[in-house]
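The block underneath contains the structure these notes are about, expressed in structure tokens.
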Number of protein chains: 2
Amino acid sequence: MSDIDLLVKNTAEWLRAEGPDHDIVISSRIRIARNLQGFSYTPRLETREQDEIIKRVQDILTKTPSMKSAYFFLYADLTELERQFLVERHLVSLEHAVEKGHKAVSMTPNQEISVMILEEDHLRMQAFQSGFNLKKAWHIIDQLDTEIERGGLDYAFDSRLGYLTACPTNAGTGLRASCMVHIPGLVLTKQINKILQALTKLNLATRGLYGEGTQAIGDYFQFSNQMTLGQNEEEIIDNLVSVIRQITDHEREARQHLLDKKKQKFEDPAWRALGILKSARVISSTEATQYLSLVQLGINMGIMTSALSREELHSLFLYIQPAHLQKMSGSVLNAQERDILRAQVIREKLGKVSLS
Amino acid sequence: MSDIDLLVKNTAEWLRAEGPDHDIVISSRIRIARNLQGFSYTPRLETREQDEIIKRVQDILTKTPSMKSAYFFLYADLTELERQFLVERHLVSLEHAVEKGHKAVSMTPNQEISVMILEEDHLRMQAFQSGFNLKKAWHIIDQLDTEIERGGLDYAFDSRLGYLTACPTNAGTGLRASCMVHIPGLVLTKQINKILQALTKLNLATRGLYGEGTQAIGDYFQFSNQMTLGQNEEEIIDNLVSVIRQITDHEREARQHLLDKKKQKFEDPAWRALGILKSARVISSTEATQYLSLVQLGINMGIMTSALSREELHSLFLYIQPAHLQKMSGSVLNAQERDILRAQVIREKLGKVSLS
């Protein structure tokens, strides 16, 4: 079995739904941007230099304890479908995967860490954790960063500006902290717009399931810091932690309010969502995500006792994505074929979940 | 158990889904309008005359073989809920039940025949048959009509105009023949509007599930003759039979076309409808009827092998109606309580129907 097939087969560790507040915060992520001293930024590199950077990073990664037994892929060796799969797994960014070119990515088998090489910056390193666990993710990535520097990689660094990055919005710490949250309570009680406005004022960004440029679907949102400069890493993370803590508190209040006063707002929709998922013969990923969101709410609200673990439910979000479906089935499928296969995968997975 | 409770408990014979073409024609109905010689029409009767007509008809009915062991109800003895129940059972017309007043109705225990007394006309007699069976229904009602005349009731009759009726649109034969048809194939293939236009030109009326003034829901239509004068009973019936025959032929072609070429038009919607019915916790009767219609199509198209008989499915259409739900539960319920109970009744009934 190839390394990529192993990745397909194994769910990401951060989907195990075990961390703190995992009923609201699906996952926490920290990524840092780094560039190598003595080279231009990625877009202006010669092929020879690209090769040299990839080679140099690969050599060091193989020696760092954090990336022990990590997979390493040159983009040139991957099909478009495989690159799309890595996007769905959140292991590479959408832009990174779509552009052709001389790039590479390395990730640990449990998919907790991935290192993208020659994306917008020479290095983009990210660590994922299940639940609300930004500190742990930061600890992991900070450790990796130290190991790489110890390994002999010289970062482009300015004593006044901090780490230098291709885009100035990343300069300084080069750090982006984000949490993927499921907040149907705030959506159903119509508090979401007020909250999104407040986040904008706090200089936090709101995105959908697949990061920059994607829309929120099924009440899943990704919140992250915009500012990377003027605060140190701990301050940036503490700031996001404190905002997400407020959001989880509000979401919990909203859920309790719904449970006490407005059960009809979610009870019937959640059961119907499960009924549709268990019966549909054709379903798009957007529609499926919306229904899975309602089922997840139903389970979290205790109205459905699910024979399905939270991890299985979270994994389902991944396995119904286009590239996942195609990698699992072993064939290239058009949109309609995917919608049929998706419905089948969901029916099989939810077969054991009772409607009563 | 009261007579009305016995009616609630027993499904109507014409729902047994056994007659010819029962996959398309749910039921056939013939009703005739008659008035008694020597009395004004219903709206201008004195109470004393109303009593006399009710008494006279009741006396004769008890002696007619067709109405042997029939139930007999004075409207004054029925609650509003019970009258509404009789409407849902198609045993009295909507207008007849809603108006207060001195009226009565008699029906056979199998609900094949009902006789409404002091509706728009003094007598409205109707016979129902399962499937496409207008001739049989006509035979039954013709027999009853003869028995009543033999019993000594003098009908208002004019040798030139035929039977005289309160509204001239019923004069002549006083006969209305109708079929309740389920034609989702013609709706899905968008032929329905053309057909409804053609029916209007042929002087046939189109109505919904509950007769005059009701809308078609879930692709169930009721087609009937408009003309009662200028043709004899057999001609009126033959004419409707020939039109309904064409409609069933077209519906069958449409279903075959869908099955061969456009399975996606009904397969996924039919399964989803079943999924929603098996899972919903709150559902209106209109919504439930629409989904049941899709399930019925799925069963008739052979895509679902139902653990539910056609008769059980047809009965479900009755038992989810407001008055049926309340009579079954033994309590007066508001709209929301009914929607919750309806969902529960459907879930119980469809519990044994598999989603695969």
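FYI, nothing fancy with the structure tokens labels: chains A, B, ... in order, residues from 1 per chain, ligands from 1 as they appear.
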
Checklist line | Near-segment 24-41 of chain B list (8 Å; only C-alpha atoms; drop same-chain fewer than 2 positions) as a ChimeraX atom specification | finding: /B:14-15,17,20-22,43-45,49,120-134,137-138,141,153-157,163-166,170,173-183,248,251

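For chain B, the residues having at least one atom no farther than 10 Å from chain A, when counting only C-alpha atoms, are Gln264, Glu267, Asp268, Pro269, Ala270, Trp271, Arg272, Ala273, Leu274, Gly275, Ile276, Leu277, Lys278, Ser279, Ala280, Arg281, Val282, Ile283, Ile340, Ala343, Arg347, Glu348, Gly351, Ser354, Leu355 and Ser356 of chain B.
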
Checklist line | Residues near Glu147 of chain A, cut-off 9 Å, only C-alpha atoms, skip fewer than 5 positions along chain, as a PyMOL selection string | finding: chain A and resi 60-61+63-66+142+152

Next item on the list: Using DSSP on the backbone, list every residue of segment 11-75 of chain B that comes out as alpha helix (DSSP H), and give them as a ChimeraX atom specification.
Entry: /B:47-63

How would the residues just picked look written out with N, CA and C atoms as a compact mmCIF listing (two decimals), in the first residue's frame?
```txt
# COMPACT_ATOMS: atom_id res chain seq x y z
N THR B 47 -88.92 23.47 9.83
CA THR B 47 -88.35 22.42 10.69
C THR B 47 -89.25 21.17 10.68
N ARG B 48 -90.56 21.40 10.74
CA ARG B 48 -91.52 20.30 10.73
C ARG B 48 -91.36 19.43 9.48
N GLU B 49 -91.15 20.11 8.34
CA GLU B 49 -90.97 19.37 7.08
C GLU B 49 -89.63 18.63 7.07
N GLN B 50 -88.61 19.29 7.63
CA GLN B 50 -87.30 18.63 7.72
C GLN B 50 -87.43 17.33 8.52
N ASP B 51 -88.08 17.44 9.66
CA ASP B 51 -88.29 16.26 10.50
C ASP B 51 -89.02 15.18 9.73
N GLU B 52 -90.04 15.60 8.98
CA GLU B 52 -90.85 14.64 8.25
C GLU B 52 -90.02 13.92 7.18
N ILE B 53 -89.20 14.69 6.46
CA ILE B 53 -88.37 14.07 5.41
C ILE B 53 -87.36 13.09 6.03
N ILE B 54 -86.68 13.55 7.10
CA ILE B 54 -85.70 12.67 7.75
C ILE B 54 -86.37 11.37 8.20
N LYS B 55 -87.55 11.52 8.85
CA LYS B 55 -88.28 10.37 9.36
C LYS B 55 -88.67 9.42 8.22
N ARG B 56 -89.23 10.04 7.15
CA ARG B 56 -89.73 9.22 6.05
C ARG B 56 -88.58 8.45 5.37
N VAL B 57 -87.45 9.15 5.15
CA VAL B 57 -86.30 8.48 4.52
C VAL B 57 -85.75 7.39 5.44
N GLN B 58 -85.65 7.72 6.71
CA GLN B 58 -85.11 6.73 7.65
C GLN B 58 -85.96 5.45 7.65
N ASP B 59 -87.28 5.62 7.69
CA ASP B 59 -88.19 4.47 7.68
C ASP B 59 -87.96 3.59 6.47
N ILE B 60 -87.85 4.24 5.33
CA ILE B 60 -87.67 3.46 4.09
C ILE B 60 -86.30 2.78 4.07
N LEU B 61 -85.24 3.52 4.48
CA LEU B 61 -83.88 2.95 4.46
C LEU B 61 -83.78 1.67 5.30
N THR B 62 -84.44 1.69 6.46
CA THR B 62 -84.34 0.51 7.33
C THR B 62 -84.93 -0.72 6.66
N LYS B 63 -85.81 -0.47 5.64
CA LYS B 63 -86.42 -1.63 4.96
C LYS B 63 -85.71 -2.03 3.66
```

Next item on the list: Name the residues in contact with segment 88-103 of chain B at a cut-off of 10 Å, using only C-alpha atoms, excluding same-chain residues fewer than 6 positions from it; report them as a PyMOL selection string.
Entry: chain B and resi 7-8+11-12+42+47+50-51+53-54+73-76+80-82+111-120+122+124-128+209-214+317-324

Check: Please, which residues of segment 80-311 of chain A, numbered as in this document, come out strand (DSSP E) from DSSP, as a VMD selection string?
Finding: chain A and resid 104 to 107 113 to 117 123 to 130 157 to 158 162 to 163 175 to 182 204 to 207 220 to 225

Preceding selection exported with N, CA, C and O atoms as a compact mmCIF listing (two decimals), in the first residue's frame:
```
# COMPACT_ATOMS: atom_id res chain seq x y z
N ALA A 104 6.48 20.46 -2.22
CA ALA A 104 6.45 19.18 -1.50
C ALA A 104 5.68 19.34 -0.20
O ALA A 104 5.40 20.46 0.23
N VAL A 105 5.31 18.22 0.37
CA VAL A 105 4.64 18.25 1.66
C VAL A 105 5.05 17.01 2.44
O VAL A 105 5.25 15.93 1.87
N SER A 106 5.17 17.18 3.75
CA SER A 106 5.51 16.05 4.61
C SER A 106 4.53 16.06 5.78
O SER A 106 4.14 17.13 6.25
N MET A 107 4.12 14.90 6.21
CA MET A 107 3.20 14.86 7.37
C MET A 107 3.43 13.60 8.18
O MET A 107 3.87 12.57 7.65
N ILE A 113 0.83 16.67 12.38
CA ILE A 113 1.72 17.72 11.86
C ILE A 113 1.83 17.61 10.35
O ILE A 113 1.95 16.50 9.81
N SER A 114 1.76 18.74 9.66
CA SER A 114 2.16 18.72 8.25
C SER A 114 3.06 19.92 7.96
O SER A 114 2.91 20.99 8.57
N VAL A 115 4.00 19.69 7.06
CA VAL A 115 4.93 20.75 6.66
C VAL A 115 4.83 20.92 5.16
O VAL A 115 5.11 19.98 4.40
N MET A 116 4.35 22.09 4.73
CA MET A 116 4.26 22.38 3.30
C MET A 116 5.51 23.12 2.87
O MET A 116 5.92 24.07 3.54
N ILE A 117 6.11 22.67 1.79
CA ILE A 117 7.37 23.26 1.34
C ILE A 117 7.15 23.96 0.00
O ILE A 117 6.58 23.38 -0.93
N LEU A 123 8.34 27.59 3.98
CA LEU A 123 7.84 26.57 4.91
C LEU A 123 6.54 27.05 5.57
O LEU A 123 6.46 28.18 6.06
N ARG A 124 5.55 26.19 5.54
CA ARG A 124 4.34 26.41 6.32
C ARG A 124 4.16 25.14 7.15
O ARG A 124 3.98 24.05 6.59
N MET A 125 4.26 25.28 8.45
CA MET A 125 4.19 24.10 9.32
C MET A 125 2.93 24.21 10.16
O MET A 125 2.66 25.28 10.72
N GLN A 126 2.18 23.15 10.23
CA GLN A 126 0.97 23.24 11.04
C GLN A 126 0.80 22.01 11.92
O GLN A 126 1.20 20.91 11.56
N ALA A 127 0.19 22.26 13.08
CA ALA A 127 -0.12 21.15 14.00
C ALA A 127 -1.61 21.22 14.32
O ALA A 127 -2.17 22.30 14.55
N PHE A 128 -2.26 20.07 14.31
CA PHE A 128 -3.69 19.96 14.63
C PHE A 128 -3.88 19.25 15.95
O PHE A 128 -3.14 18.32 16.28
N GLN A 129 -4.93 19.65 16.66
CA GLN A 129 -5.36 18.92 17.85
C GLN A 129 -6.87 18.78 17.82
O GLN A 129 -7.58 19.67 17.33
N SER A 130 -7.34 17.69 18.36
CA SER A 130 -8.78 17.51 18.48
C SER A 130 -9.28 18.41 19.61
O SER A 130 -8.59 18.62 20.60
N PHE A 157 15.13 36.27 9.28
CA PHE A 157 14.65 36.87 10.52
C PHE A 157 15.20 38.28 10.64
O PHE A 157 16.34 38.56 10.29
N ASP A 158 14.36 39.19 11.09
CA ASP A 158 14.78 40.57 11.29
C ASP A 158 14.52 40.92 12.76
O ASP A 158 13.44 40.65 13.27
N GLY A 162 10.85 40.55 13.15
CA GLY A 162 10.60 39.13 13.46
C GLY A 162 10.81 38.28 12.21
O GLY A 162 11.60 38.65 11.32
N TYR A 163 10.08 37.19 12.08
CA TYR A 163 10.23 36.31 10.92
C TYR A 163 9.72 37.04 9.69
O TYR A 163 8.65 37.67 9.72
N LEU A 175 2.53 33.47 12.69
CA LEU A 175 1.64 32.49 13.31
C LEU A 175 0.16 32.73 13.01
O LEU A 175 -0.34 33.84 13.10
N ARG A 176 -0.49 31.66 12.64
CA ARG A 176 -1.95 31.70 12.52
C ARG A 176 -2.52 30.60 13.42
O ARG A 176 -2.19 29.42 13.27
N ALA A 177 -3.33 31.04 14.38
CA ALA A 177 -4.01 30.08 15.26
C ALA A 177 -5.47 30.04 14.83
O ALA A 177 -6.07 31.07 14.53
N SER A 178 -6.05 28.86 14.76
CA SER A 178 -7.47 28.81 14.37
C SER A 178 -8.17 27.65 15.04
O SER A 178 -7.56 26.64 15.41
N CYS A 179 -9.48 27.83 15.21
CA CYS A 179 -10.32 26.76 15.73
C CYS A 179 -11.48 26.53 14.79
O CYS A 179 -12.06 27.49 14.27
N MET A 180 -11.81 25.27 14.56
CA MET A 180 -12.99 24.92 13.79
C MET A 180 -14.11 24.67 14.80
O MET A 180 -13.99 23.77 15.64
N VAL A 181 -15.16 25.47 14.74
CA VAL A 181 -16.22 25.33 15.74
C VAL A 181 -17.56 24.99 15.09
O VAL A 181 -17.82 25.36 13.94
N HIS A 182 -18.37 24.27 15.82
CA HIS A 182 -19.72 23.91 15.36
C HIS A 182 -20.69 24.64 16.28
O HIS A 182 -20.83 24.28 17.45
N LEU A 204 -10.36 39.30 14.11
CA LEU A 204 -10.31 37.86 13.90
C LEU A 204 -11.01 37.54 12.58
O LEU A 204 -11.95 38.23 12.18
N ALA A 205 -10.53 36.52 11.88
CA ALA A 205 -11.10 36.16 10.58
C ALA A 205 -12.05 34.99 10.73
O ALA A 205 -11.86 34.11 11.57
N THR A 206 -13.12 34.99 9.90
CA THR A 206 -14.10 33.90 9.89
C THR A 206 -14.03 33.21 8.53
O THR A 206 -14.07 33.86 7.50
N ARG A 207 -13.90 31.90 8.57
CA ARG A 207 -13.83 31.15 7.31
C ARG A 207 -14.67 29.90 7.38
O ARG A 207 -15.19 29.56 8.46
N TYR A 220 -20.57 25.16 10.60
CA TYR A 220 -19.17 24.97 10.97
C TYR A 220 -18.41 26.22 10.56
O TYR A 220 -18.49 26.63 9.39
N PHE A 221 -17.69 26.82 11.48
CA PHE A 221 -16.93 28.03 11.19
C PHE A 221 -15.50 27.82 11.63
O PHE A 221 -15.24 27.07 12.58
N GLN A 222 -14.59 28.53 10.95
CA GLN A 222 -13.20 28.51 11.37
C GLN A 222 -12.83 29.94 11.77
O GLN A 222 -12.98 30.86 10.97
N PHE A 223 -12.43 30.12 13.00
CA PHE A 223 -12.05 31.44 13.48
C PHE A 223 -10.54 31.48 13.69
O PHE A 223 -9.96 30.55 14.25
N SER A 224 -9.92 32.58 13.24
CA SER A 224 -8.46 32.68 13.40
C SER A 224 -8.02 34.13 13.58
O SER A 224 -8.77 35.05 13.27
N ASN A 225 -6.78 34.29 14.08
CA ASN A 225 -6.23 35.65 14.21
C ASN A 225 -5.84 36.20 12.84
O ASN A 225 -5.47 35.46 11.95
```

Note to self: Quick one: residues within 10 Å of Gln191 of chain A, only C-alpha atoms, excluding same-chain residues fewer than 6 positions away - as an MDAnalysis selection string?
What the structure shows: chainID A and resid 185 250:251 254

Resulting file, chosen residues, all heavy atoms, as a CSV table (one decimal), in the first residue's frame:
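Output (result-v9.csv):
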```
chain,number,residue,atom,x,y,z
A,185,GLY,N,-26.3,26.3,17.7
A,185,GLY,CA,-27.1,27.0,18.7
A,185,GLY,C,-27.1,28.5,18.4
A,185,GLY,O,-28.2,29.1,18.5
A,250,HIS,N,-21.3,31.0,25.0
A,250,HIS,CA,-22.6,31.5,24.4
A,250,HIS,C,-23.3,30.3,23.7
A,250,HIS,O,-24.5,30.2,23.7
A,250,HIS,CB,-22.3,32.6,23.4
A,250,HIS,CG,-22.2,33.9,24.0
A,250,HIS,ND1,-21.0,34.5,24.3
A,250,HIS,CD2,-23.1,34.8,24.4
A,250,HIS,CE1,-21.2,35.7,24.8
A,250,HIS,NE2,-22.5,35.9,24.9
A,251,GLU,N,-22.5,29.5,23.0
A,251,GLU,CA,-23.1,28.3,22.3
A,251,GLU,C,-23.8,27.4,23.3
A,251,GLU,O,-24.9,26.9,23.1
A,251,GLU,CB,-22.0,27.6,21.5
A,251,GLU,CG,-22.5,26.3,20.9
A,251,GLU,CD,-23.6,26.4,19.8
A,251,GLU,OE1,-23.8,27.5,19.3
A,251,GLU,OE2,-24.2,25.4,19.5
A,254,ALA,N,-27.0,29.0,24.4
A,254,ALA,CA,-28.0,28.9,23.3
A,254,ALA,C,-28.6,27.5,23.2
A,254,ALA,O,-29.8,27.3,23.1
A,254,ALA,CB,-27.3,29.3,22.0
```

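Here atom CA of Leu333 of chain A stands at a distance of 18.7 Å from atom CA of Ile4 of chain A.
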
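Among the candidates B:Leu144, B:Leu202, B:Lys135, B:Ser285, the one nearest to Glu234 of chain B when counting only C-alpha atoms is B:Lys135.
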
As a CSV table (one decimal) with N, CA, C and O atoms, in the first residue's frame, please: the residues near Pro109 of chain B (cut-off 8 Å, only C-alpha atoms, same-chain neighbours under 4 positions excluded).
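Saved the output as part_21.csv:
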```csv
chain,number,residue,atom,x,y,z
B,7,LEU,N,-67.1,3.0,13.2
B,7,LEU,CA,-66.6,3.6,11.9
B,7,LEU,C,-65.2,4.0,11.9
B,7,LEU,O,-64.4,3.7,11.0
B,69,SER,N,-78.7,-3.1,8.1
B,69,SER,CA,-77.7,-2.9,9.2
B,69,SER,C,-76.8,-1.7,9.0
B,69,SER,O,-75.7,-1.6,9.5
B,70,ALA,N,-77.4,-0.7,8.3
B,70,ALA,CA,-76.7,0.6,8.1
B,70,ALA,C,-76.7,1.4,9.4
B,70,ALA,O,-77.6,1.2,10.3
B,71,TYR,N,-75.7,2.2,9.6
B,71,TYR,CA,-75.7,3.2,10.7
B,71,TYR,C,-76.6,4.4,10.3
B,71,TYR,O,-76.7,4.7,9.1
```

Next item on the list: Take atom CA of Ala198 of chain A and atom CA of Val243 of chain A and report the distance between them in Å, one decimal.
Entry: 10.1 Å

For Gln290 of chain B, work out the shell of residues within 7 Å, counting only C-alpha atoms and skipping chain neighbours fewer than 3 positions away, then give it as a tab-separated table (two decimals) with C-alpha atoms, in the first residue's frame.
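This went into part_24.tsv:
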```tsv
chain	number	residue	atom	x	y	z
B	217	ILE	CA	-52.16	17.50	-3.03
B	218	GLY	CA	-49.50	14.88	-3.59
B	286	THR	CA	-50.34	18.34	3.48
B	287	GLU	CA	-46.65	17.56	3.84
B	293	SER	CA	-47.62	10.06	-2.52
B	294	LEU	CA	-43.93	9.68	-3.34
```

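Taking atom CA of Ile237 of chain B as the reference point, atom CA of Gln197 of chain B is found at 20.3 Å.
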